[in-house]
Every structure is written in structure tokens, then in C-alpha cells.
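K.L.:
The following file, my_file-v9.pdb, comprises PDB, C-alpha atoms:
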ATOM      1  CA  MET A  22      26.475 -61.504 157.995
ATOM      2  CA  VAL A  23      22.991 -62.399 159.168
ATOM      3  CA  ASN A  24      22.020 -66.009 159.812
ATOM      4  CA  VAL A  25      19.994 -67.622 157.016
ATOM      5  CA  TYR A  26      17.859 -70.727 157.578
ATOM      6  CA  TYR A  27      16.509 -73.239 155.054
ATOM      7  CA  ASP A  28      14.254 -76.295 154.942
ATOM      8  CA  GLN A  29      16.738 -78.506 156.759
ATOM      9  CA  ASP A  30      16.828 -76.061 159.687
ATOM     10  CA  ALA A  31      13.073 -76.183 160.335
ATOM     11  CA  ASP A  32      10.855 -78.960 161.663
ATOM     12  CA  LEU A  33       7.162 -78.790 160.802
ATOM     13  CA  GLY A  34       6.530 -81.376 163.486
ATOM     14  CA  ILE A  35       6.991 -78.678 166.132
ATOM     15  CA  ILE A  36       3.649 -77.122 165.164
ATOM     16  CA  GLN A  37       1.975 -80.243 163.776
ATOM     17  CA  ASP A  38      -0.268 -80.732 166.808
ATOM     18  CA  LYS A  39      -0.903 -77.035 167.428
ATOM     19  CA  THR A  40      -3.849 -74.906 166.368
ATOM     20  CA  ILE A  41      -2.685 -71.903 164.371
ATOM     21  CA  GLY A  42      -4.947 -68.866 164.453
ATOM     22  CA  ILE A  43      -4.638 -66.398 161.567
ATOM     23  CA  ILE A  44      -6.193 -63.042 162.482
ATOM     24  CA  GLY A  45      -7.294 -61.513 159.204
ATOM     25  CA  TYR A  46      -7.838 -62.825 155.678
ATOM     26  CA  GLY A  47      -6.527 -60.081 153.418
ATOM     27  CA  SER A  48      -3.490 -60.140 151.143
ATOM     28  CA  GLN A  49      -1.155 -61.689 153.730
ATOM     29  CA  GLY A  50      -3.764 -63.553 155.752
ATOM     30  CA  HIS A  51      -5.158 -65.651 152.924
ATOM     31  CA  ALA A  52      -1.652 -66.697 151.828
ATOM     32  CA  HIS A  53      -0.543 -67.673 155.342
ATOM     33  CA  ALA A  54      -3.736 -69.613 156.027
ATOM     34  CA  LEU A  55      -3.868 -71.480 152.714
ATOM     35  CA  ASN A  56      -0.158 -72.307 152.631
ATOM     36  CA  LEU A  57      -0.296 -73.692 156.177
ATOM     37  CA  LYS A  58      -3.444 -75.670 155.355
ATOM     38  CA  ASP A  59      -1.807 -77.141 152.261
ATOM     39  CA  ASN A  60       1.142 -78.135 154.432
ATOM     40  CA  GLY A  61      -1.161 -80.121 156.714
ATOM     41  CA  GLN A  62      -1.494 -77.669 159.596
ATOM     42  CA  ASN A  63      -4.592 -77.094 161.722
ATOM     43  CA  VAL A  64      -5.640 -73.537 160.831
ATOM     44  CA  VAL A  65      -8.506 -71.372 162.048
ATOM     45  CA  VAL A  66      -9.100 -67.880 160.656
ATOM     46  CA  GLY A  67     -10.225 -65.107 162.994
ATOM     47  CA  LEU A  68     -12.641 -62.567 161.485
ATOM     48  CA  TYR A  69     -15.224 -60.141 162.799
ATOM     49  CA  PRO A  70     -18.927 -61.052 162.485
ATOM     50  CA  GLY A  71     -20.260 -59.966 159.112
ATOM     51  CA  SER A  72     -16.881 -59.834 157.398
ATOM     52  CA  SER A  73     -17.111 -60.368 153.649
ATOM     53  CA  SER A  74     -14.030 -62.580 153.940
ATOM     54  CA  ILE A  75     -15.876 -65.254 155.933
ATOM     55  CA  ALA A  76     -17.513 -66.792 152.881
ATOM     56  CA  VAL A  77     -14.262 -66.532 150.893
ATOM     57  CA  ALA A  78     -12.233 -68.308 153.565
ATOM     58  CA  GLU A  79     -14.852 -71.001 154.080
ATOM     59  CA  ALA A  80     -15.097 -71.587 150.345
ATOM     60  CA  ALA A  81     -11.339 -72.232 150.390
ATOM     61  CA  GLY A  82     -11.892 -74.982 152.950
ATOM     62  CA  LEU A  83     -10.802 -73.033 156.023
ATOM     63  CA  ARG A  84     -12.485 -72.953 159.396
ATOM     64  CA  VAL A  85     -13.526 -69.469 160.543
ATOM     65  CA  ALA A  86     -14.374 -68.145 164.022
ATOM     66  CA  ASP A  87     -14.690 -64.814 165.803
ATOM     67  CA  VAL A  88     -11.381 -63.298 166.905
ATOM     68  CA  PRO A  89     -11.976 -63.856 170.674
ATOM     69  CA  GLU A  90     -12.751 -67.536 170.035
ATOM     70  CA  VAL A  91      -9.585 -67.938 167.993
ATOM     71  CA  ALA A  92      -7.549 -66.353 170.793
ATOM     72  CA  LYS A  93      -8.977 -68.867 173.275
ATOM     73  CA  GLU A  94      -8.220 -71.848 171.030
ATOM     74  CA  ALA A  95      -4.996 -71.061 169.205
ATOM     75  CA  ASP A  96      -1.583 -72.283 170.330
ATOM     76  CA  VAL A  97       0.029 -69.903 167.835
ATOM     77  CA  ILE A  98      -1.581 -66.617 166.801
ATOM     78  CA  MET A  99      -0.441 -64.772 163.674
ATOM     79  CA  MET A 100      -1.848 -61.238 163.378
ATOM     80  CA  VAL A 101      -2.057 -60.012 159.785
ATOM     81  CA  ILE A 102      -4.588 -57.196 159.918
ATOM     82  CA  PRO A 103      -3.598 -53.566 159.119
ATOM     83  CA  ASP A 104      -1.034 -51.991 161.456
ATOM     84  CA  HIS A 105      -3.225 -49.135 162.609
ATOM     85  CA  VAL A 106      -5.983 -51.392 164.003
ATOM     86  CA  GLN A 107      -3.828 -54.117 165.523
ATOM     87  CA  GLY A 108      -3.452 -52.441 168.913
ATOM     88  CA  ARG A 109      -7.169 -51.930 169.435
ATOM     89  CA  ILE A 110      -8.125 -55.425 168.264
ATOM     90  CA  TYR A 111      -5.445 -56.974 170.458
ATOM     91  CA  ARG A 112      -6.480 -55.064 173.589
ATOM     92  CA  GLU A 113     -10.225 -55.555 173.118
ATOM     93  CA  GLN A 114     -10.518 -59.065 171.669
ATOM     94  CA  ILE A 115      -7.284 -61.004 172.010
ATOM     95  CA  GLU A 116      -5.585 -60.015 175.273
ATOM     96  CA  PRO A 117      -8.540 -60.977 177.526
ATOM     97  CA  ASN A 118      -8.814 -64.359 175.795
ATOM     98  CA  LEU A 119      -5.218 -65.490 175.287
ATOM     99  CA  LYS A 120      -4.692 -69.196 175.739
ATOM    100  CA  PRO A 121      -2.077 -69.867 178.455
ATOM    101  CA  GLY A 122       1.236 -70.936 176.945
ATOM    102  CA  SER A 123       0.365 -69.731 173.457
ATOM    103  CA  ALA A 124       2.769 -67.916 171.124
ATOM    104  CA  PHE A 125       2.044 -64.621 169.399
ATOM    105  CA  MET A 126       3.335 -63.674 165.964
ATOM    106  CA  VAL A 127       3.187 -60.779 163.529
ATOM    107  CA  ALA A 128       4.188 -60.461 159.866
ATOM    108  CA  HIS A 129       5.451 -56.890 160.351
ATOM    109  CA  GLY A 130       6.902 -55.453 163.537
ATOM    110  CA  PHE A 131       5.072 -52.092 163.637
ATOM    111  CA  SER A 132       2.606 -52.799 166.448
ATOM    112  CA  ILE A 133       5.183 -54.587 168.616
ATOM    113  CA  HIS A 134       8.017 -52.109 168.073
ATOM    114  CA  TYR A 135       5.885 -49.047 168.761
ATOM    115  CA  ARG A 136       4.187 -50.770 171.707
ATOM    116  CA  GLU A 137       0.676 -50.704 170.330
ATOM    117  CA  ILE A 138       0.744 -54.334 171.453
ATOM    118  CA  VAL A 139       2.519 -55.322 174.672
ATOM    119  CA  LEU A 140       2.589 -59.059 175.325
ATOM    120  CA  PRO A 141       2.917 -60.783 178.713
ATOM    121  CA  ASP A 142       6.483 -61.740 179.630
ATOM    122  CA  ASN A 143       5.581 -65.431 179.774
ATOM    123  CA  MET A 144       4.711 -65.641 176.057
ATOM    124  CA  ASP A 145       6.880 -66.380 173.045
ATOM    125  CA  VAL A 146       6.672 -63.416 170.657
ATOM    126  CA  MET A 147       8.021 -63.700 167.113
ATOM    127  CA  MET A 148       7.835 -62.084 163.711
ATOM    128  CA  VAL A 149       7.792 -64.023 160.449
ATOM    129  CA  ALA A 150       7.725 -61.472 157.632
ATOM    130  CA  PRO A 151       7.548 -62.843 154.055
ATOM    131  CA  LYS A 152       9.185 -60.439 151.622
ATOM    132  CA  ALA A 153       6.404 -60.389 149.043
ATOM    133  CA  PRO A 154       2.764 -59.323 148.764
ATOM    134  CA  GLY A 155       0.419 -62.084 149.864
ATOM    135  CA  HIS A 156      -0.940 -62.909 146.421
ATOM    136  CA  ARG A 157       2.579 -63.339 145.046
ATOM    137  CA  MET A 158       3.520 -65.386 148.106
ATOM    138  CA  ARG A 159       0.593 -67.704 147.429
ATOM    139  CA  GLU A 160       1.372 -67.997 143.709
ATOM    140  CA  LEU A 161       4.991 -68.972 144.324
ATOM    141  CA  PHE A 162       4.007 -71.454 147.042
ATOM    142  CA  VAL A 163       1.658 -73.185 144.613
ATOM    143  CA  GLU A 164       4.513 -73.269 142.091
ATOM    144  CA  GLY A 165       6.705 -74.919 144.705
ATOM    145  CA  VAL A 166       9.122 -71.988 144.974
ATOM    146  CA  GLY A 167       8.287 -69.885 148.031
ATOM    147  CA  VAL A 168       9.479 -66.401 148.957
ATOM    148  CA  PRO A 169      12.246 -65.317 151.349
ATOM    149  CA  SER A 170      11.242 -64.235 154.837
ATOM    150  CA  LEU A 171      12.597 -62.473 157.888
ATOM    151  CA  LEU A 172      12.471 -64.057 161.347
ATOM    152  CA  ALA A 173      12.754 -62.159 164.626
ATOM    153  CA  VAL A 174      12.429 -63.577 168.120
ATOM    154  CA  HIS A 175      11.192 -60.752 170.328
ATOM    155  CA  GLN A 176      10.500 -62.810 173.473
ATOM    156  CA  ASP A 177      11.695 -66.359 174.092
ATOM    157  CA  ALA A 178       9.738 -67.398 177.177
ATOM    158  CA  THR A 179       9.824 -71.133 176.472
ATOM    159  CA  GLY A 180      13.232 -71.491 174.887
ATOM    160  CA  ASN A 181      11.509 -72.776 171.735
ATOM    161  CA  ALA A 182      10.507 -69.485 170.103
ATOM    162  CA  GLN A 183      13.038 -69.691 167.279
ATOM    163  CA  GLN A 184      12.117 -73.276 166.391
ATOM    164  CA  ILE A 185       8.395 -72.433 166.436
ATOM    165  CA  GLY A 186       9.086 -69.442 164.195
ATOM    166  CA  LEU A 187      11.140 -71.525 161.766
ATOM    167  CA  ALA A 188       8.475 -74.238 161.690
ATOM    168  CA  TYR A 189       5.851 -71.598 160.897
ATOM    169  CA  ALA A 190       8.093 -70.138 158.177
ATOM    170  CA  LYS A 191       8.417 -73.610 156.683
ATOM    171  CA  GLY A 192       4.663 -74.065 156.877
ATOM    172  CA  ILE A 193       4.080 -70.988 154.727
ATOM    173  CA  GLY A 194       6.804 -72.010 152.271
ATOM    174  CA  CYS A 195       9.580 -69.550 153.117
ATOM    175  CA  THR A 196      12.398 -71.841 154.227
ATOM    176  CA  GLY A 197      12.784 -73.101 150.671
ATOM    177  CA  ALA A 198      13.841 -69.606 149.614
ATOM    178  CA  GLY A 199      15.667 -68.658 152.824
ATOM    179  CA  VAL A 200      14.741 -67.118 156.177
ATOM    180  CA  LEU A 201      16.978 -64.272 157.374
ATOM    181  CA  GLU A 202      17.367 -63.622 161.098
ATOM    182  CA  THR A 203      16.753 -60.047 162.239
ATOM    183  CA  THR A 204      15.123 -58.022 165.022
ATOM    184  CA  ILE A 205      11.705 -56.441 165.135
ATOM    185  CA  LYS A 206      13.348 -53.014 165.488
ATOM    186  CA  ASP A 207      15.494 -53.437 162.380
ATOM    187  CA  GLU A 208      12.668 -54.897 160.289
ATOM    188  CA  THR A 209      10.157 -52.229 161.258
ATOM    189  CA  GLU A 210      12.405 -49.219 160.814
ATOM    190  CA  SER A 211      14.073 -50.410 157.598
ATOM    191  CA  ASP A 212      10.734 -51.480 156.098
ATOM    192  CA  LEU A 213       9.084 -48.128 156.768
ATOM    193  CA  PHE A 214      12.128 -46.249 155.498
ATOM    194  CA  GLY A 215      12.272 -48.317 152.309
ATOM    195  CA  GLU A 216       8.577 -47.722 151.624
ATOM    196  CA  GLN A 217       8.800 -43.987 152.227
ATOM    197  CA  SER A 218      12.176 -43.134 150.702
ATOM    198  CA  ILE A 219      12.237 -45.276 147.574
ATOM    199  CA  LEU A 220       9.837 -48.205 147.065
ATOM    200  CA  CYS A 221       6.551 -46.277 147.266
ATOM    201  CA  GLY A 222       7.157 -42.629 148.166
ATOM    202  CA  GLY A 223      10.496 -41.818 146.574
ATOM    203  CA  VAL A 224      10.019 -43.605 143.281
ATOM    204  CA  THR A 225       6.520 -42.208 142.637
ATOM    205  CA  ALA A 226       7.690 -38.682 143.486
ATOM    206  CA  LEU A 227      10.700 -39.022 141.161
ATOM    207  CA  VAL A 228       8.555 -40.408 138.330
ATOM    208  CA  ASN A 229       5.980 -37.631 138.763
ATOM    209  CA  ALA A 230       8.649 -34.907 138.872
ATOM    210  CA  ALA A 231      10.327 -36.217 135.702
ATOM    211  CA  PHE A 232       6.977 -36.607 133.906
ATOM    212  CA  GLU A 233       5.894 -33.080 134.855
ATOM    213  CA  THR A 234       9.267 -31.627 133.811
ATOM    214  CA  LEU A 235       8.920 -33.029 130.302
ATOM    215  CA  VAL A 236       5.278 -31.986 129.956
ATOM    216  CA  GLU A 237       6.037 -28.455 131.196
ATOM    217  CA  ALA A 238       8.773 -28.271 128.543
ATOM    218  CA  GLY A 239       6.227 -29.045 125.815
ATOM    219  CA  TYR A 240       6.713 -32.767 125.246
ATOM    220  CA  PRO A 241       3.551 -34.862 124.707
ATOM    221  CA  GLN A 242       2.168 -36.598 127.772
ATOM    222  CA  GLU A 243       2.320 -39.930 125.981
ATOM    223  CA  ILE A 244       6.059 -39.621 125.336
ATOM    224  CA  ALA A 245       6.682 -38.420 128.899
ATOM    225  CA  TYR A 246       4.735 -41.377 130.296
ATOM    226  CA  PHE A 247       6.712 -43.948 128.336
ATOM    227  CA  GLU A 248      10.071 -42.388 129.179
ATOM    228  CA  CYS A 249       9.445 -41.780 132.878
ATOM    229  CA  LEU A 250       7.141 -44.623 133.974
ATOM    230  CA  HIS A 251       6.598 -47.367 131.411
ATOM    231  CA  GLU A 252      10.302 -48.092 130.852
ATOM    232  CA  LEU A 253      11.004 -48.133 134.584
ATOM    233  CA  LYS A 254      10.018 -51.807 134.824
ATOM    234  CA  MET A 255      12.719 -52.818 132.353
ATOM    235  CA  ILE A 256      15.382 -50.993 134.358
ATOM    236  CA  VAL A 257      14.169 -52.338 137.715
ATOM    237  CA  ASP A 258      14.062 -55.876 136.307
ATOM    238  CA  LEU A 259      17.690 -55.547 135.209
ATOM    239  CA  MET A 260      18.743 -54.297 138.648
ATOM    240  CA  TYR A 261      16.722 -57.067 140.290
ATOM    241  CA  GLN A 262      18.530 -59.662 138.173
ATOM    242  CA  GLY A 263      22.087 -58.398 138.564
ATOM    243  CA  GLY A 264      22.350 -55.147 140.480
ATOM    244  CA  HIS A 265      23.295 -51.695 139.210
ATOM    245  CA  ASN A 266      26.301 -53.013 137.282
ATOM    246  CA  TYR A 267      24.204 -55.442 135.245
ATOM    247  CA  MET A 268      21.705 -52.692 134.448
ATOM    248  CA  HIS A 269      24.504 -50.381 133.268
ATOM    249  CA  PHE A 270      26.023 -53.232 131.238
ATOM    250  CA  SER A 271      22.660 -53.857 129.561
ATOM    251  CA  VAL A 272      21.875 -50.281 128.499
ATOM    252  CA  SER A 273      23.751 -48.146 125.997
ATOM    253  CA  ASP A 274      27.009 -46.386 126.827
ATOM    254  CA  THR A 275      25.146 -43.117 126.348
ATOM    255  CA  ALA A 276      22.603 -44.117 128.995
ATOM    256  CA  GLU A 277      25.334 -45.336 131.355
ATOM    257  CA  TYR A 278      27.355 -42.127 130.999
ATOM    258  CA  GLY A 279      24.238 -40.017 131.525
ATOM    259  CA  SER A 280      23.392 -42.071 134.611
ATOM    260  CA  LEU A 281      26.835 -41.839 136.207
ATOM    261  CA  SER A 282      27.459 -38.200 135.354
ATOM    262  CA  ARG A 283      24.031 -36.771 136.269
ATOM    263  CA  ARG A 284      22.591 -38.914 139.068
ATOM    264  CA  ASP A 285      24.257 -36.983 141.893
ATOM    265  CA  ARG A 286      22.644 -33.800 140.581
ATOM    266  CA  ILE A 287      19.202 -35.424 140.826
ATOM    267  CA  ILE A 288      19.716 -37.115 144.193
ATOM    268  CA  ASP A 289      21.943 -34.532 145.879
ATOM    269  CA  GLU A 290      22.939 -33.901 149.478
ATOM    270  CA  HIS A 291      19.687 -32.047 150.125
ATOM    271  CA  VAL A 292      17.733 -35.180 149.201
ATOM    272  CA  ARG A 293      19.985 -37.269 151.451
ATOM    273  CA  GLU A 294      19.331 -34.841 154.316
ATOM    274  CA  ASN A 295      15.610 -35.276 153.780
ATOM    275  CA  MET A 296      16.056 -39.053 153.824
ATOM    276  CA  ARG A 297      17.914 -38.832 157.132
ATOM    277  CA  ALA A 298      15.089 -36.717 158.544
ATOM    278  CA  VAL A 299      12.498 -39.259 157.379
ATOM    279  CA  LEU A 300      14.518 -42.065 158.990
ATOM    280  CA  LYS A 301      14.786 -40.135 162.261
ATOM    281  CA  GLU A 302      10.989 -39.716 162.382
ATOM    282  CA  ILE A 303      10.663 -43.486 161.965
ATOM    283  CA  GLN A 304      13.275 -44.218 164.634
ATOM    284  CA  ASP A 305      11.890 -41.851 167.280
ATOM    285  CA  GLY A 306       8.255 -42.882 166.750
ATOM    286  CA  THR A 307       7.064 -39.613 165.196
ATOM    287  CA  PHE A 308       5.719 -41.339 162.080
ATOM    288  CA  ALA A 309       4.018 -44.117 164.057
ATOM    289  CA  ARG A 310       2.269 -41.610 166.356
ATOM    290  CA  GLU A 311       1.215 -39.535 163.342
ATOM    291  CA  TRP A 312      -0.213 -42.570 161.526
ATOM    292  CA  ILE A 313      -2.149 -43.823 164.541
ATOM    293  CA  ALA A 314      -3.536 -40.318 165.168
ATOM    294  CA  GLU A 315      -4.447 -39.941 161.486
ATOM    295  CA  ASN A 316      -6.648 -43.018 161.699
ATOM    296  CA  ASP A 317      -8.110 -42.071 165.087
ATOM    297  CA  GLU A 318      -9.139 -38.703 163.596
ATOM    298  CA  GLY A 319     -10.828 -40.236 160.535
ATOM    299  CA  ARG A 320      -7.983 -39.814 158.028
ATOM    300  CA  PRO A 321      -8.482 -36.064 157.367
ATOM    301  CA  ARG A 322      -5.103 -35.698 155.608
ATOM    302  CA  PHE A 323      -4.666 -39.163 154.132
ATOM    303  CA  VAL A 324      -7.905 -39.186 152.114
ATOM    304  CA  PRO A 325      -7.244 -35.861 150.283
ATOM    305  CA  MET A 326      -3.639 -36.918 149.561
ATOM    306  CA  ARG A 327      -4.848 -40.252 148.188
ATOM    307  CA  ASP A 328      -7.497 -38.538 146.031
ATOM    308  CA  ALA A 329      -4.934 -36.095 144.629
ATOM    309  CA  ALA A 330      -2.510 -38.915 143.794
ATOM    310  CA  GLN A 331      -5.222 -41.015 142.137
ATOM    311  CA  ASN A 332      -6.275 -38.099 139.940
ATOM    312  CA  ALA A 333      -2.815 -36.861 138.924
ATOM    313  CA  PRO A 334      -2.284 -36.240 135.171
ATOM    314  CA  ILE A 335       0.136 -39.163 134.874
ATOM    315  CA  GLU A 336      -2.621 -41.523 136.058
ATOM    316  CA  GLY A 337      -5.040 -40.348 133.381
ATOM    317  CA  ILE A 338      -2.667 -40.709 130.466
ATOM    318  CA  GLY A 339      -1.327 -43.953 131.896
ATOM    319  CA  LYS A 340      -4.793 -45.483 132.024
ATOM    320  CA  GLN A 341      -5.378 -44.578 128.366
ATOM    321  CA  LEU A 342      -2.062 -46.006 127.208
ATOM    322  CA  ARG A 343      -2.340 -49.213 129.220
ATOM    323  CA  ALA A 344      -5.769 -49.820 127.672
ATOM    324  CA  MET A 345      -3.961 -49.949 124.301
ATOM    325  CA  MET A 346      -1.673 -52.711 125.597
ATOM    326  CA  PRO A 347      -4.012 -55.601 126.531
ATOM    327  CA  TRP A 348      -1.069 -57.990 126.992
ATOM    328  CA  MET A 349      -0.247 -56.056 130.175
ATOM    329  CA  ASP A 350      -3.562 -57.047 131.834
ATOM    330  CA  PRO A 351      -4.334 -53.441 132.871
ATOM    331  CA  LYS A 352      -5.528 -52.944 136.437
TER
END
If you took the structure in this file and wrote it as C-alpha cells, what would it be?
P.N.:
Amino acid sequence: MVNVYYDQDADLGIIQDKTIGIIGYGSQGHAHALNLKDNGQNVVVGLYPGSSSIAVAEAAGLRVADVPEVAKEADVIMMVIPDHVQGRIYREQIEPNLKPGSAFMVAHGFSIHYREIVLPDNMDVMMVAPKAPGHRMRELFVEGVGVPSLLAVHQDATGNAQQIGLAYAKGIGCTGAGVLETTIKDETESDLFGEQSILCGGVTALVNAAFETLVEAGYPQEIAYFECLHELKMIVDLMYQGGHNYMHFSVSDTAEYGSLSRRDRIIDEHVRENMRAVLKEIQDGTFAREWIAENDEGRPRFVPMRDAAQNAPIEGIGKQLRAMMPWMDPK
């Protein structure tokens, strides 16, 4: 069992007199900065000159400075910009300006694990990774709930890295929900695998394949959309609430029998072999090198794949049907 920490295990006083620099003000960055500010912490947001986020952050009552200035001032730096640019920004703007004795943090272990960022041995290096998108993290903080988080101590130069990490986690509202102890390796590899095999890649591929199978067999697109995508939320919500057993309990016996008797034909050993291959590419760095190279080369493969996905038939019919359901607040 992993260690789990709560409010009583964390002391905000540890970071009370420190300046916390948040590099970036996107989905995660805005939530970290605002939650810390609301919890009485001294926060400065690091952005590049001309960033459209400067005015947004300042309007929220936050102090903003250039990234090199934040690196010089901050006692704790949290980097929450996209993975593929973290290494370059760190090497060019942060590393030459690091404040002696400061601590460095990330919200996802990619750049540390794959050595895009290599910190000096005399620095505390931690990861605090909230398990929710930033906007949801902010919403739940405002509601007084908070989201769970992962904590990893990568380097403990001062002997205080864990307590600083827990204090930070409390500052952003995560200790109320629980902070699980892990390693940067485990978080990075499991996170990438989850995204690719099920949460983003696997589930969209399965939905598309099922949708296309029904349409090819002559069923209307509207019916295929409802059966293969729209109803998915209901099933996922049931699993989220009580696991697979609760979902099976909640659906009909016909649905449960069909699930148990046919699922191994859909996700067979060939699919499992592909999953193992995907995991191996994550573990040996193949995916990380590919992703960094893809961005260095101007995204020649990513952009066409994104365009094709955004213009798939299921997206067109889905947009039409969601427009008929205004209670869903279509995006």
C-alpha cells in the first residue's frame, strides 16, 4: 500500500515565508497560482513578454514577471508549461538564474524522468501532480473539496523536500482529498500509458471502431452515436462510483451477460500485446524522444492526425446532436 497524506500531515507554515514561482498560467498554472494565493501564499507567475495570459493573471490579482526574474526570486518553482517546451525554457531562462537553496517542482514527471531537465544535486526536486484538469481543480477548491494528488520526492538535498511538497499540496487544496506518495518514474510512465491505452487513445479508438461498424452495417449515424458515445458517460459514471461490479449491477442482465461473454473477443490477446508494446516504448524513452522530435520538426505528423480526428464523421454527427441538447452546454 502506498502512503497517503492528509491535512494533518502538512504544515502550510513551511512555505508561508517563501516566494512561490508558478511558471505558466494555463489550465494547471492558473489553478495552482489562485489556490495558493487564496491560501495566503506569496505567489508570482512567470510568463514570457507579450503573453496573452499576463492581463488575465493580473486581473485575478496575481503578480506577474518574466520567467528569468521569477527564477531569481522564487524559493519554490513550480513548472506547469507543456512538457515538450519545459527543457528548453529551463535551460535558457531558469537554470542560469536559479536562486541558491531554492526548490524545483513539476506537476508531471515527464521532463525530469526523461532528463529534459537535470537539476543540480544541491536542490530539492519534487513533483506534486493533482489528478484533475486545472479548471476542475480550481472549481473543487472553491467549493472547499479539493482533488487528490500524487507526491514524489526526486531529490532531497535539504532533508525537508517531503514537507515542502506536502505544504505545497496543502496550499493548492489537495491534502483534503488525499496525497498519494509515488515516484516520478511511476507517475510518468503510468500516466502516459493510461492516456495512450485507455483514457484518450484507447477509448476514442474503441468508440470510433464501434460507431463505424454500425454505420457500415447500415444503421443511422444518429443511432450509432447514441449507442457508442453518448451513453458512455452513464457507464463511466457508474464505474467511477462503484467499480465494474456496480456498473454490472446497475445495467440489465442482458447487458451484463453480453459484457462478460463478449468482452474478451473485443479486447483480446492481440490488443494486450499492443498495450505491452506501447508501455515498452514509454519505459525505454522511445515515445518521449519521438514527441520531442515531433515538436522540434514543426509537428509534421501530429497536425494531420489532429485534423483527421477533428473532422471524423462521428464528430460531425455529434456536433449536430449535441446542439439539440442545450442542457449539456455543448462545447
K.L.:
Please expand the PyMOL selection byres ((chain A and resi 54) around 10) into the concrete residues it hits in this file, giving the result as a ChimeraX atom specification.
P.N.:
/A:41-46,49-53,55-60,62-66,78,81,83-84,99,159,192-193
K.L.:
Find the residues near Arg310 (chain A): any atom within 12 Å, counting all atoms listed in the file, skip ones fewer than 2 places away on the same chain, and give them as a PyMOL selection string.
P.N.:
chain A and resi 104-105+131-132+135-137+302-308+312-317
K.L.:
Show which residues sit within 12 Å of Gly34 (chain A), as a VMD selection string. Count all atoms listed in the file, and ignore same-chain residues fewer than 5 positions away.
P.N.:
chain A and resid 39 60 to 62 184 to 185 187 to 189 191 to 192
K.L.:
Suppose you want the space between CA of His175 (chain A) and CA of Thr40 (chain A); what is it in Å?
P.N.:
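One can read the CA of His175 (chain A) to CA of Thr40 (chain A) distance as 21.0 Å.
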K.L.:
Going by the chain IDs and residue numbers used in this file, which residues fall under the PyMOL selection byres ((chain A and resi 88) around 6)? Write them as a CSV table (one decimal) with C-alpha atoms, keeping the file's coordinate frame.
P.N.:
chain,number,residue,atom,x,y,z
A,67,GLY,CA,-10.2,-65.1,163.0
A,68,LEU,CA,-12.6,-62.6,161.5
A,87,ASP,CA,-14.7,-64.8,165.8
A,89,PRO,CA,-12.0,-63.9,170.7
A,90,GLU,CA,-12.8,-67.5,170.0
A,91,VAL,CA,-9.6,-67.9,168.0
K.L.:
Rounded to one decimal place, report the CA of Ile35 (chain A)-CA of Met148 (chain A) distance in Å.
P.N.:
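So the answer is 16.8 Å.
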K.L.:
Given the file shown, enumerate the residues that the PyMOL selection byres ((chain A and resi 245) around 10) captures and present them as a list in words.
P.N.:
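When the PyMOL selection byres ((chain A and resi 245) around 10) is applied, the selected residues are Val228, Asn229, Ala231, Phe232, Glu233, Thr234, Leu235, Val236, Gly239, Tyr240, Pro241, Gln242, Glu243, Ile244, Tyr246, Phe247, Glu248, Cys249, Leu250, His251, Ile335 and Ile338 of chain A.
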K.L.:
Can you build me a table of region 266-303 of chain A residues sitting at most 12 Å from region 213-225 of chain A, with the closest atom pair per residue and its distance in Å to one decimal, using all atoms listed in the file, sorted by chain and residue number, as a Markdown table?
P.N.:
| residue | atom | partner | partner_atom | distance |
| --- | --- | --- | --- | --- |
| A:Ile288 | CA | A:Gly223 | CA | 10.6 |
| A:Val292 | CA | A:Ser218 | CA | 9.8 |
| A:Arg293 | CA | A:Ser218 | CA | 9.8 |
| A:Glu294 | CA | A:Ser218 | CA | 11.5 |
| A:Asn295 | CA | A:Ser218 | CA | 9.1 |
| A:Met296 | CA | A:Ser218 | CA | 6.4 |
| A:Arg297 | CA | A:Phe214 | CA | 9.5 |
| A:Ala298 | CA | A:Phe214 | CA | 10.4 |
| A:Val299 | CA | A:Phe214 | CA | 7.2 |
| A:Leu300 | CA | A:Phe214 | CA | 6.0 |
| A:Lys301 | CA | A:Phe214 | CA | 9.5 |
| A:Glu302 | CA | A:Phe214 | CA | 9.6 |
| A:Ile303 | CA | A:Leu213 | CA | 7.1 |
K.L.:
Skipping near chain neighbours, those fewer than 4 positions away, what residues fall within 10 Å of Ala153 (chain A) using all atoms listed in the file, listed as JSON, numbers by chain?
P.N.:
{"A": [49, 157, 158, 159, 161, 167, 168, 169, 170]}
K.L.:
So, counting all atoms listed in the file, which residue among A:Gly339, A:Pro151, A:Pro70, A:Pro347 is closest to Glu208 (chain A)?
P.N.:
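Going through A:Gly339, A:Pro151, A:Pro70, A:Pro347 one by one, the smallest distance to Glu208 (chain A) is for A:Pro151.
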K.L.:
One decimal, Å: what's the distance from CA of Ala86 (chain A) over to CA of Leu33 (chain A), could you say?
P.N.:
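Distance between the two atoms: 24.2 Å.
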K.L.:
Given the point (-9.5, -65.1, 176.3) in the file's coordinates, find the residues that have an atom at most 8 Å from it, counting all atoms listed in the file, and give them as a PyMOL selection string.
P.N.:
chain A and resi 89-90+92-93+114-120
K.L.:
Using all atoms listed in the file, which of A:Ala124, A:Met268, A:Val85, A:Leu171 sits nearest Leu140 (chain A)?
P.N.:
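Among A:Ala124, A:Met268, A:Val85, A:Leu171, it is A:Ala124 that comes nearest to Leu140 (chain A).
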